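Comments concern the structure below.
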Amino acid sequence: MTSANKRSGRLVHFFFSGVIRLYMAGKQLLKCELSFPYDEKYVQIVESIVKTKKGYRCVRCGNENQQLFASFPCARCKRICTYCRKCVMMGRCSECNPLVIWTGPIPSTFFSSPLKWSGKLSPAQQLASDEVCHAIDRNDSLLVWAVCGAGKTEVLFAGINLALSHGKRVCIAAPRTDVVLELAPRLASVFPSVDMAALYGGSEDRGKLASLTVATTHQLLRYCRAFDVMIVDEVDAFPYSADPMLSYAVERARKPTSSLIYLTATPNEQWRYEVKSGKRKAVMIPARYHRHPLPVPTFEWCGNWQKKWRKKRLPSCVVRWINEHVERRKQAFLFVPHIDFLQQAVPHLQQFHPHIEGVHAEDPKRKEKVLAFRRGHIPILVTTTILERGVTVPNIDVAVLGAEQPIFTESALVQIAGRVGRSAQHPTGDIRFFHFGKTKAMLKAKRHIVRMNEEARKRGLLDE
Amino acid sequence: MKCVICHNDWMPKMSFSIFLTLRQEDVCCPRCRARFIRLEGNRCERCSRLTDQVVCEDCIAWEKRKSVLKQNVSVYMYNDWMKEVMNRFKFRGDYALIEAFRQDVRAVFSKHFSSDVCLVPIPLSPSRLAERGFNQAEAIASLLPSPMIFGLQRIDDEKQSKKKRRERFTGRKFCLTGENVAEKRIVIVDDIYTTGATVHEAAKLLYDAGACEICSFTLIRS
Ligand SMILES: [Zn+2]
Ligand SMILES: [Zn+2]
Ligand SMILES: [Zn+2]
Ligand SMILES: [Zn+2]
């Protein structure tokens, strides 16, 4: 071999191992996903499925629900092989497919004050923003309890700026793809010089380790001890909240020494207790950025609407509500508890106005319908899910039909009410819970909203 | 009950017929079930394609080329939902989804074939098989009561991709394994029948090896 050849061979080797390092750093990948050799020195290989007293546990996603494990005659290990069905969309964790976890160094990139934003924070936002910076600086955890419409994304800017200046890797985890799709361009526009990755099913950034990452819960499963700052955006998650996989994935993806910022409009009871008793650090933003109080829901009894629906009839108060909105040309969301009901009800409701539409979480025409609603082409949108947060259609009302159903938890109802009065031009609106018997969740949701308004008033955050 | 596809809990209706016949409860919820479309109504009698013709043009063309495949029977139509479920089953490897097809597959099969036929699943190449961990055609065949013969093997894709395009065009996908198929009535099993090229080629090989009557059975007709 000539010396030039040797040199280029070395160069290739150097380049190659550099690429692998960039690919593997901060990751936990399935062995079958790795088509290239890797440096044994910097990885740890662990079983992805382990046996426990209860049966099996998936090391990647934390699943212990035995109904979500299955076995099959495996051609690879020639045995009956058990795998995890919970995270199978990210590649199959099975008994013969271990996880390869990076244990080597993770390179840092430093930016000098990359934030390019000239907006101003409200006093409540400023307070929260300072707390976020503080937590990031000290690798602490913090709960940001912000009402829907508080302007919480801006609250993160200063903290992210600080972290990136110190060469820290930041990840924002969200429960839904559309939140990622909305958040990523927003952040890219205020951090134009920073390398970013937006991770969701089918995204092109898959596998990238960037300085600033926005990812769905599922995508976090590929990362292990990767991030110095982990921000969990749980606001407006309905109906996707309360998945234990999220907290598992978050704990695994962040470094042992890192900060953890939780954003939520509706912390659970355990957390609220911890905040009250001082066990959990929290900062509250009880008012919207436009300094108007949150609209409070009203309850309206509508009888046994399900029984009535079997004869294809709707309660008269609901019919009145629909007619009123159609006549006054005031746009509204109508939340219903099940997809089945939605699909039956929409054709019926189209008798009131032919442009009434229905949309559910997996609706393939979801994007088009949301756009049509935003443009004012749809008078009433019947839905089972909170739509994109960007749906700040000004001047809308909201109703829930069947608010007594168990899917409408306190948190869900608070988030649904949070759709109304988001814009400064139209800060009020009507929120109606049509029900067949008041539930605790309904009462708690209303009390939650009233208390937030009281807190805001006390702190002088409202103009009234 | 937990739906095998969407993982949501649902309440099966306790009907008297289920109780009396001890029929198996469905493993998927009514919503997921309703999104599968079984092939019913007017179809080509040779290939199960939905059409008003007795024998479709494609099948007439196959006949002119002296194909030895007698008939293809399929269970479901190909739609977006099927595409989604097959993606999870085949490419993500969620083997348990096969259970969603068990009842329909058995019912359609027994309507067209007696159980003394032999099943020949369309094989995967060894590299593909190692990658996926299972062969989807074999998984489908395992739902059926008839014995399986592994009469075919795939000529490795990797070697093929190195050949020139024209060569590949005339090149074969399969060869025989040497398992005895002579004098046997064969049903070739695959996941999907699209143009039919795969099963027709397989049928020819098996015919040349002495199999006497060759049909095919696929989960989907696209
Ligand atoms: Zn295995
Ligand atoms: Zn898992
Ligand atoms: Zn289902
Ligand atoms: Zn035909």
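The way I read the labels, and the way they are meant: chains A, B, ... in the order of the structure tokens, residue 1 as the first residue of every chain, and ligand 1 as the first ligand shown, with later ones counted on from there.
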
**Item:** Contacts of ligand 3, 6 Å or closer, only C-alpha atoms and all ligand atoms, given as a PyMOL selection string
**Value:** chain B and resi 3+5-6+8+28-29+31-32

**Asked** Using only C-alpha atoms and all ligand atoms, what are the residues with an atom within 6 Å of ligand 4, set out as a PyMOL selection string?
**Response** chain B and resi 44+46-47+49+55-56+58-59

**Request:** Mind listing the strand (DSSP E or B) residues of chain B, per DSSP on the backbone, as a ChimeraX atom specification?
**Result:** /B:2,9,38,43,50,72-77,118-121,148,152-154,174-176,185-193,213-221

**Request:** Would you mind listing what lies within 9 Å of region 177-187 of chain B as an MDAnalysis selection string, with only C-alpha atoms counted and same-chain residues fewer than 2 positions away left out?
**Result:** chainID B and resid 72 113 116:121 149:153 175 189 203 206:207 209:217

Residue subset to file, keeping N, CA and C atoms, as a PDB file, in the first residue's frame:
```
ATOM      1  N   ASN B  72     -57.214 -18.057  -8.024  1.00  0.00           N
ATOM      2  CA  ASN B  72     -56.734 -17.362  -6.826  1.00  0.00           C
ATOM      3  C   ASN B  72     -57.935 -16.955  -5.988  1.00  0.00           C
ATOM      4  N   PHE B 113     -61.585 -24.565  -0.443  1.00  0.00           N
ATOM      5  CA  PHE B 113     -60.628 -25.675  -0.523  1.00  0.00           C
ATOM      6  C   PHE B 113     -60.949 -26.734   0.518  1.00  0.00           C
ATOM      7  N   ASP B 116     -57.374 -31.294   2.611  1.00  0.00           N
ATOM      8  CA  ASP B 116     -56.301 -32.220   2.246  1.00  0.00           C
ATOM      9  C   ASP B 116     -55.346 -31.656   1.190  1.00  0.00           C
ATOM     10  N   VAL B 117     -55.453 -30.354   0.912  1.00  0.00           N
ATOM     11  CA  VAL B 117     -54.472 -29.743   0.015  1.00  0.00           C
ATOM     12  C   VAL B 117     -53.188 -29.461   0.802  1.00  0.00           C
ATOM     13  N   CYS B 118     -52.116 -29.141   0.081  1.00  0.00           N
ATOM     14  CA  CYS B 118     -50.876 -28.765   0.755  1.00  0.00           C
ATOM     15  C   CYS B 118     -50.616 -27.277   0.518  1.00  0.00           C
ATOM     16  N   LEU B 119     -50.194 -26.583   1.590  1.00  0.00           N
ATOM     17  CA  LEU B 119     -49.945 -25.144   1.483  1.00  0.00           C
ATOM     18  C   LEU B 119     -48.474 -24.890   1.197  1.00  0.00           C
ATOM     19  N   VAL B 120     -48.212 -24.044   0.197  1.00  0.00           N
ATOM     20  CA  VAL B 120     -46.830 -23.631  -0.065  1.00  0.00           C
ATOM     21  C   VAL B 120     -46.747 -22.115   0.114  1.00  0.00           C
ATOM     22  N   PRO B 121     -46.205 -21.654   1.248  1.00  0.00           N
ATOM     23  CA  PRO B 121     -46.090 -20.205   1.436  1.00  0.00           C
ATOM     24  C   PRO B 121     -45.011 -19.623   0.528  1.00  0.00           C
ATOM     25  N   ILE B 149     -45.851 -27.206   2.984  1.00  0.00           N
ATOM     26  CA  ILE B 149     -44.629 -27.726   2.352  1.00  0.00           C
ATOM     27  C   ILE B 149     -43.785 -26.525   1.955  1.00  0.00           C
ATOM     28  N   PHE B 150     -42.521 -26.526   2.354  1.00  0.00           N
ATOM     29  CA  PHE B 150     -41.660 -25.415   1.975  1.00  0.00           C
ATOM     30  C   PHE B 150     -40.977 -25.761   0.659  1.00  0.00           C
ATOM     31  N   GLY B 151     -41.773 -25.713  -0.408  1.00  0.00           N
ATOM     32  CA  GLY B 151     -41.308 -26.192  -1.707  1.00  0.00           C
ATOM     33  C   GLY B 151     -40.493 -25.179  -2.487  1.00  0.00           C
ATOM     34  N   LEU B 152     -40.549 -23.912  -2.073  1.00  0.00           N
ATOM     35  CA  LEU B 152     -39.890 -22.867  -2.860  1.00  0.00           C
ATOM     36  C   LEU B 152     -38.873 -22.115  -2.028  1.00  0.00           C
ATOM     37  N   GLN B 153     -37.853 -21.588  -2.715  1.00  0.00           N
ATOM     38  CA  GLN B 153     -36.977 -20.641  -2.037  1.00  0.00           C
ATOM     39  C   GLN B 153     -36.686 -19.494  -2.980  1.00  0.00           C
ATOM     40  N   CYS B 175     -36.723 -20.597  -6.874  1.00  0.00           N
ATOM     41  CA  CYS B 175     -36.343 -21.901  -7.375  1.00  0.00           C
ATOM     42  C   CYS B 175     -36.885 -22.954  -6.413  1.00  0.00           C
ATOM     43  N   VAL B 189     -49.653 -19.771  -0.787  1.00  0.00           N
ATOM     44  CA  VAL B 189     -50.174 -18.751   0.128  1.00  0.00           C
ATOM     45  C   VAL B 189     -49.278 -17.516   0.104  1.00  0.00           C
ATOM     46  N   ALA B 203     -46.415 -20.994  -9.356  1.00  0.00           N
ATOM     47  CA  ALA B 203     -47.248 -22.100  -9.828  1.00  0.00           C
ATOM     48  C   ALA B 203     -46.536 -22.884 -10.927  1.00  0.00           C
ATOM     49  N   LEU B 206     -43.844 -25.168  -9.519  1.00  0.00           N
ATOM     50  CA  LEU B 206     -44.406 -26.322  -8.812  1.00  0.00           C
ATOM     51  C   LEU B 206     -45.016 -27.322  -9.799  1.00  0.00           C
ATOM     52  N   TYR B 207     -45.593 -26.772 -10.865  1.00  0.00           N
ATOM     53  CA  TYR B 207     -46.193 -27.624 -11.890  1.00  0.00           C
ATOM     54  C   TYR B 207     -45.104 -28.463 -12.562  1.00  0.00           C
ATOM     55  N   ALA B 209     -42.476 -29.374 -11.299  1.00  0.00           N
ATOM     56  CA  ALA B 209     -41.980 -30.376 -10.351  1.00  0.00           C
ATOM     57  C   ALA B 209     -43.005 -31.474 -10.099  1.00  0.00           C
ATOM     58  N   GLY B 210     -44.122 -31.419 -10.821  1.00  0.00           N
ATOM     59  CA  GLY B 210     -45.058 -32.532 -10.766  1.00  0.00           C
ATOM     60  C   GLY B 210     -46.310 -32.324  -9.940  1.00  0.00           C
ATOM     61  N   ALA B 211     -46.498 -31.127  -9.390  1.00  0.00           N
ATOM     62  CA  ALA B 211     -47.725 -30.885  -8.641  1.00  0.00           C
ATOM     63  C   ALA B 211     -48.911 -30.968  -9.598  1.00  0.00           C
ATOM     64  N   CYS B 212     -50.071 -31.463  -9.125  1.00  0.00           N
ATOM     65  CA  CYS B 212     -51.120 -31.713 -10.102  1.00  0.00           C
ATOM     66  C   CYS B 212     -52.157 -30.604 -10.221  1.00  0.00           C
ATOM     67  N   GLU B 213     -52.551 -30.005  -9.118  1.00  0.00           N
ATOM     68  CA  GLU B 213     -53.553 -28.950  -9.229  1.00  0.00           C
ATOM     69  C   GLU B 213     -53.079 -27.784  -8.379  1.00  0.00           C
ATOM     70  N   ILE B 214     -52.927 -26.604  -8.969  1.00  0.00           N
ATOM     71  CA  ILE B 214     -52.323 -25.502  -8.226  1.00  0.00           C
ATOM     72  C   ILE B 214     -53.236 -24.282  -8.191  1.00  0.00           C
ATOM     73  N   CYS B 215     -53.578 -23.877  -6.961  1.00  0.00           N
ATOM     74  CA  CYS B 215     -54.363 -22.660  -6.745  1.00  0.00           C
ATOM     75  C   CYS B 215     -53.553 -21.740  -5.846  1.00  0.00           C
ATOM     76  N   SER B 216     -54.075 -20.534  -5.624  1.00  0.00           N
ATOM     77  CA  SER B 216     -53.410 -19.675  -4.645  1.00  0.00           C
ATOM     78  C   SER B 216     -54.449 -19.029  -3.744  1.00  0.00           C
ATOM     79  N   PHE B 217     -53.956 -18.650  -2.562  1.00  0.00           N
ATOM     80  CA  PHE B 217     -54.811 -18.059  -1.540  1.00  0.00           C
ATOM     81  C   PHE B 217     -54.056 -16.871  -0.951  1.00  0.00           C
TER      82      PHE B 217
END
```

**12 Å contacts from chain B to chain A using only C-alpha atoms, as a ChimeraX atom specification** = /B:1-9,29-32,34,80-81,84-85,87-99,124-136,138-139,142

**Item:** Point-to-point distance from CA of Phe335 (chain A) to CA of Thr383 (chain A), Å rounded to tenths
**Value:**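 So the two atoms, CA of Phe335 (chain A) and CA of Thr383 (chain A), lie 5.0 Å apart.
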
**Request:** Using DSSP on the backbone coordinates, identify the residues of region 94-139 of chain A assigned to alpha helix (DSSP H); present them as a list of chain:residue names.
**Result:**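 Written out, the alpha helix (DSSP H) residues of region 94-139 of chain A are A:Pro123, A:Ala124, A:Gln125, A:Gln126, A:Leu127, A:Ala128, A:Ser129, A:Asp130, A:Glu131, A:Val132, A:Cys133, A:His134, A:Ala135, A:Ile136, A:Asp137.
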
Output for the residues just chosen: C-alpha atoms as an mmCIF file, in the first residue's frame:
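The result, stored in part.cif:
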```cif
data_model
loop_
_atom_site.group_PDB
_atom_site.id
_atom_site.type_symbol
_atom_site.label_atom_id
_atom_site.label_comp_id
_atom_site.auth_asym_id
_atom_site.auth_seq_id
_atom_site.Cartn_x
_atom_site.Cartn_y
_atom_site.Cartn_z
ATOM 1 C CA PRO A 123 -44.906 40.568 34.316
ATOM 2 C CA ALA A 124 -46.304 37.077 35.030
ATOM 3 C CA GLN A 125 -44.449 35.645 32.031
ATOM 4 C CA GLN A 126 -41.262 37.438 33.097
ATOM 5 C CA LEU A 127 -41.433 35.902 36.543
ATOM 6 C CA ALA A 128 -41.877 32.431 35.075
ATOM 7 C CA SER A 129 -39.121 33.047 32.530
ATOM 8 C CA ASP A 130 -36.687 33.991 35.319
ATOM 9 C CA GLU A 131 -37.574 30.827 37.217
ATOM 10 C CA VAL A 132 -37.002 28.723 34.100
ATOM 11 C CA CYS A 133 -33.536 30.278 33.634
ATOM 12 C CA HIS A 134 -32.756 29.647 37.259
ATOM 13 C CA ALA A 135 -33.768 25.977 37.029
ATOM 14 C CA ILE A 136 -31.758 25.453 33.844
ATOM 15 C CA ASP A 137 -28.723 27.089 35.336
#
```

Set the distance at 9 Å and use only C-alpha atoms: which residues neighbour Leu50 (chain B) once local chain neighbours fewer than 6 positions away are removed? I'd like the list as a PDB file with C-alpha atoms, in the first residue's frame.
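Just written: part.pdb:
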```pdb
ATOM      1  CA  LEU B  39     -64.357  -9.371  -0.845  1.00  0.00           C
ATOM      2  CA  GLU B  40     -67.974 -10.032  -1.623  1.00  0.00           C
ATOM      3  CA  GLY B  41     -70.274  -9.684  -4.613  1.00  0.00           C
ATOM      4  CA  ASN B  42     -69.315  -9.922  -8.289  1.00  0.00           C
ATOM      5  CA  ARG B  43     -65.770 -11.082  -8.771  1.00  0.00           C
ATOM      6  CA  CYS B  44     -63.586 -12.631 -11.417  1.00  0.00           C
ATOM      7  CA  MET B  77     -59.936  -5.730  -0.396  1.00  0.00           C
ATOM      8  CA  ARG B 221     -56.579  -8.662  -3.498  1.00  0.00           C
TER       9      ARG B 221
END
```

**Message:** Give me the residues near Ile378 (chain A) as a list of chain:residue names, where near means some atom within 12 Å (using only C-alpha atoms) and where sequence neighbours in that chain fewer than 6 positions away do not count.
**Reply:**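 The contact residues come out as A:His325, A:Val326, A:Arg329, A:Lys330, A:Gln331, A:Ala332, A:Phe333, A:Gln350, A:His353, A:Pro354, A:His355, A:Ile356, A:Glu357, A:Gly358, A:Val359, A:Glu368, A:Lys369, A:Val370, A:Leu371, A:Ala372, A:Val393, A:Ile396.
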
**Asked** Using only C-alpha atoms, which residues sit within 12 Å of Ser118 (chain A) once same-chain residues fewer than 5 positions away are excluded, as number ranges by chain?
**Response** A: 154, 157-158, 189-190

Quick one: write out the picked residues with all heavy atoms as a compact mmCIF listing (two decimals), in the first residue's frame?
```txt
# COMPACT_ATOMS: atom_id res chain seq x y z
N GLU A 154 -43.12 31.64 24.81
CA GLU A 154 -42.20 32.77 25.00
C GLU A 154 -41.47 32.68 26.33
O GLU A 154 -40.34 33.17 26.47
CB GLU A 154 -42.96 34.10 24.95
CG GLU A 154 -43.58 34.44 23.61
CD GLU A 154 -44.94 33.80 23.39
OE1 GLU A 154 -45.31 32.90 24.19
OE2 GLU A 154 -45.63 34.19 22.45
N PHE A 157 -38.06 31.03 25.99
CA PHE A 157 -37.01 31.58 25.13
C PHE A 157 -35.72 31.89 25.89
O PHE A 157 -34.64 31.46 25.49
CB PHE A 157 -37.51 32.84 24.42
CG PHE A 157 -38.52 32.57 23.33
CD1 PHE A 157 -39.19 33.63 22.71
CD2 PHE A 157 -38.80 31.28 22.92
CE1 PHE A 157 -40.11 33.39 21.71
CE2 PHE A 157 -39.73 31.04 21.92
CZ PHE A 157 -40.39 32.10 21.31
N ALA A 158 -35.83 32.65 26.98
CA ALA A 158 -34.62 33.07 27.70
C ALA A 158 -33.86 31.86 28.24
O ALA A 158 -32.63 31.81 28.18
CB ALA A 158 -35.00 34.02 28.82
N SER A 189 -37.46 30.16 14.07
CA SER A 189 -37.47 31.57 13.68
C SER A 189 -36.83 32.46 14.75
O SER A 189 -36.27 33.49 14.41
CB SER A 189 -38.90 32.03 13.39
OG SER A 189 -39.63 32.11 14.58
N VAL A 190 -36.85 32.05 16.00
CA VAL A 190 -36.20 32.89 17.02
C VAL A 190 -34.78 32.43 17.35
O VAL A 190 -34.01 33.16 17.97
CB VAL A 190 -37.04 33.01 18.32
CG1 VAL A 190 -38.33 33.76 18.05
CG2 VAL A 190 -37.30 31.67 18.96
```

**Request:** Select, from A:Met245, A:Ala188, A:Leu263, A:Leu143, the residue with the minimum atom-to-atom distance to ligand 2, counting only C-alpha atoms and all ligand atoms.
**Result:**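 Looking at the shortest contact to ligand 2, the residue is A:Met245.
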
**Request:** Select, from A:Ser193, A:Gln270, A:Gln344, A:Asn63, the residue with the minimum atom-to-atom distance to ligand 2, counting only C-alpha atoms and all ligand atoms.
**Result:**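 Ranking A:Ser193, A:Gln270, A:Gln344, A:Asn63 by distance to ligand 2, first place goes to A:Asn63.
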
**Message:** Between CA of Gln351 (chain A) and CA of Val319 (chain A), what is the distance in Å, rounded to a tenth?
**Reply:**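 Between CA of Gln351 (chain A) and CA of Val319 (chain A) the gap is 11.1 Å.
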
**Request:** Using CA of Ile188 (chain B) and CA of Glu25 (chain B) as the two end points, give the distance in Å to one decimal.
**Result:**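 About the pair CA of Ile188 (chain B) and CA of Glu25 (chain B): they are 28.8 Å apart.
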
**Asked** Which of these residues is nearest to ligand 1, using only C-alpha atoms and all ligand atoms: A:Pro286, A:Leu221, A:Pro98, A:Val336?
**Response**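 Among A:Pro286, A:Leu221, A:Pro98, A:Val336, it is A:Pro98 that comes nearest to ligand 1.
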
**Request:** Extract, using only C-alpha atoms, all DNA, RNA and protein residues at most 6 Å from region 436-453 of chain A, discarding same-chain residues fewer than 4 positions from it, and format them as a ChimeraX atom specification.
**Result:** /A:286,293,301-304,404,409-410,414

**Request:** Have a look at A:Ile160, A:Leu220, A:Ile80, A:Val170 and name the one nearest to Pro114 (chain A); count only C-alpha atoms.
**Result:**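 Looking at the shortest contact to Pro114 (chain A), the residue is A:Ile160.
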